[in-house]
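Let me begin by presenting the structure, written as structure tokens, before commenting on it.
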Amino acid sequence: MKKLKFRTNSRHISQLGRELVTDFVTALVELIKNSYDADAYGVRIIIDKPNTPESKIILIDTGSGMTQEDFENKWMVIGTNNKVTEPLSPKGRKKAGKKGIGRFSVERIAEKVSVYSFSDQEEPFKVEINWNQFEDINIDAVHQRIGILKNHEDSSAAKFICSQLEYFILSDKVQDLDKKNVLSLLGSTKIDYPMIYKKDVLRIISEEIVPILKKYENIEQLVEDVENPLERISIESDANAFSLINDVYQNYGLPSPQTGIVLVMEGLRDHWKQKDIDKLQKELRLLVAPDLIEEDPFRIELIAPEFKIEEIVLVNEILNLNFAKINAEICNSARKLNIIYKDKDGKEEFIDETFKEPYLCGDVEVELYFFLRESSKLSNVNAGYNFNFAKQVLDTYCGIKLYRDSFRVKPYGDIGNDWLLLDQRKVKDTHGYLVGNNQVIGIVRIGDLKNPLLIDATNREGIIENEAYEQLRDFITRCTNLISDVRRKTYLEEQEKKRELEKKKLNIDQQFNDVKKNYQDNQFIKKIEEAMLASNNKEAPGKLDNLVKAFIEDSEKKMADLEKIQTDYDQHYNDIKNMYENKINFQESELNLYKNLASLGMLTGSFGHETSDIVSRIQASLYLVDLFLDKQDIDKEKINNALRIVKSDFSRIYSYSNLIVNFLRKRKRETNLEVSVGDVLAEVCGLYEVIVKSFNVTLQYSIEQKTTYLMKQIDLESIIINMITNAFEQVKGKPSRVIKINISQGLSHINLVFEDSGDGVPKGKEKDIFRPFETSKEEGIGLGLNIVKDIVENYGGVISVGRSDLLLGAKFTVSLPKGGNVDDE
């Protein structure tokens, strides 16, 4: 009897990779989950030169790495059950990656991958896999792509033809003579997709190469026929891989041994756009539970220089702006319930219940933060959180999200997903005390072990809506209802206070009307007339005297009543006045902070891309030093050269970071102080000198005598920083690169003069340049000079512009009135 075995065609790899994982963003997320499963503290993703022949994505994690045995018997085995037999990582994490999908995610993302593994059990090694080896010849598909490329450039069509050619060249089932003929026809041993765009190359492929390929269209290649080399690596042979993992460890401050995985995925299959980066950022922000109650954090870092990467705004940054907080749990094997409410007004509420029958949903942890979406409630000037920033974070993280074993269970808490019907109820709210979906940030934590009846749906989107799920919803709804109940009580209390104030106002008005009526219906005049007309003239003086005394007493009483009314009205007026003054002062402080933070943003933008090359150069130099030191014959000259580069680059970064850190010091944005103008100028220019020197820019500054001025130091720094940054942009690339600053005193003003050797301000544009968003620079924002103008005018000063007679560029003069603010010594 003949026994048969299933065999797998190598093409099955690509089918699984591109059909099982249809979205390249999702594929990358799955790889990150694998890093989590490996107990990584953090993972860094670098998207390098996308949409070019050199495109690659590098993933570095700080997990446990793989041994050669693990790699061969787990990673290289399709459909392995190791995550079923070993559901928990060594550190106790519930493994989150889909079973055996990691390798297909790599194939979905790129054509080639180099896997570097660093384990504490053996020497590091590298495996190189070219997924094009698993393809097959498909002549119909090649003809189709050629037809597409005849009409326009299409990267996916060109890449497909390249993969066919590379498979042909790599296959050991193709005769060497045919390989040589194809390479000869292409005129190159290196095949990259831009060459396919050339009309003559496309014609050669269509007319001469396709007939050669067609000879091999029916060859059968099995998965097990493809070999992938594994080799040990060392810091000398693969310094870049060692450098990458070392940099991540240094960034997170992690101790040795440095274990983990480095995936270098080359030849990206997809055209990456900004919208894909935006989607990826959103997925990464919400992939793992925020650090609300996280004891085992998992950090994710995304680097993509060619794209706009939003500053990672963490939900924790605004949690202190919450109005109320709920901590709740179902515990004691689902037999006990605790809900604790606390808010900024000092109110506290507690719910504590015990059940005879356990909740079917199992033990659950809930943490909710409730926010009032008002400018005064979502701002913290001293912490640097303005309303728009806080609103952005709230919009990103709002909703109550469900996490199973620390990973998101979608779609709960997604935008538009109102699984708790919060918004549906909020629409009917006429008083404003119900909780809306965009007012709350929360996480609900469950797990496979403690919540077995909360079962994933078969499509992995959501949970089966059984009785356990309904109990979970009811429990979370009780939490949000408690917030609403406290808000409702507060609302009713406020209404009662309003009614009391209305009664008090009516009482004051009645007192006023009574006094007014008493003056209008004055009986003393009539009584005096009666006394004067009395027949007994002897009695008249006595009656008049009594009347006068009574009149005086009555007048004093009325005066006291009037004074009381006046006091009440004065108090009312002062309360309203203080309220509005505080609001205006807050708004002015907030506005000034925005201006100063805008200055910082422009400073960062101006020099950020100029110093982007420093880190990689320092990193490479340090590794060269390590290599040179490890050699028996130490070359001191090479070491010194590398260290000189490091010292030079470090001084630039040090000055740059000091400039930013010093600018942000809280004391500088507090009340006005007697600021030493010369000291501030020397401090700012001293830090700038190192930065601009690397661009061959000379920065000169002087001050005639010691001068102080009553102002906020951060305002003076904003003026100087914006003016230097503006001048720096003007002189970059010019034959003469000079910036000059001089501070002098007149009889009534302090004058700050900024000159540069740039092109100057075009005639007729002298006023336009101070308008917001007016800029001649391609990447400029157009706020720097506008901010300076606002600050100067806020101190009663003026700023003007002309041409420098000395440097032939622009000359800006800032005049600040002394007004008792200046102390001459």
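Scheme for the structure tokens: letters A, B, ... for chains in order shown; per-chain residue numbers from 1; ligand numbers from 1 in order shown.
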
Residue contacts of Leu284 (chain A) (10 Å, only C-alpha atoms) excluding same-chain residues fewer than 2 positions away, as a PyMOL selection string = chain A and resi 28-29+32+278-282+286-288+299-302

May I have all residues of region 169-358 of chain A that DSSP, computed from the backbone, assigns to strand (DSSP E), given as a PyMOL selection string?
-> chain A and resi 230-232+260-268+299-303+324-331+336-343+348-354

Using only C-alpha atoms: which of A:Thr52, A:Ser163, A:Gln471, A:Ser484 has the shortest distance to Tyr341 (chain A) =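 Among the listed residues, the smallest separation from Tyr341 (chain A) belongs to A:Ser484.
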
Write out as a count of residues only each polymer residue whose atoms come within 10 Å of region 212-223 of chain A, counting only C-alpha atoms; drop sequence neighbours fewer than 2 positions from it.
-> 36

Selection: 9 Å around region 749-751 of chain A, only C-alpha atoms, excl. self and same-chain fewer than 2 positions, as JSON, numbers by chain = {"A": [707, 709, 742, 743, 744, 745, 746, 747, 753, 797, 813, 814, 815, 816, 817, 818, 819, 822]}

Measure the distance from CA of Tyr197 (chain A) to CA of Lys112 (chain A) in Å and round it to one decimal.
-> 21.9 Å

Show which residues sit within 7 Å of Gln439 (chain A), as a PyMOL selection string. Count only C-alpha atoms, and ignore same-chain residues fewer than 5 positions away.
-> chain A and resi 370-373+398

Using the selection just defined, write its residues with C-alpha atoms as an mmCIF file, in the first residue's frame.
data_model
loop_
_atom_site.group_PDB
_atom_site.id
_atom_site.type_symbol
_atom_site.label_atom_id
_atom_site.label_comp_id
_atom_site.auth_asym_id
_atom_site.auth_seq_id
_atom_site.Cartn_x
_atom_site.Cartn_y
_atom_site.Cartn_z
ATOM 1 C CA PHE A 370 -14.488 62.300 33.584
ATOM 2 C CA PHE A 371 -13.754 65.730 32.057
ATOM 3 C CA LEU A 372 -15.707 68.956 31.714
ATOM 4 C CA ARG A 373 -15.008 70.138 28.161
ATOM 5 C CA CYS A 398 -11.994 59.515 24.718
#
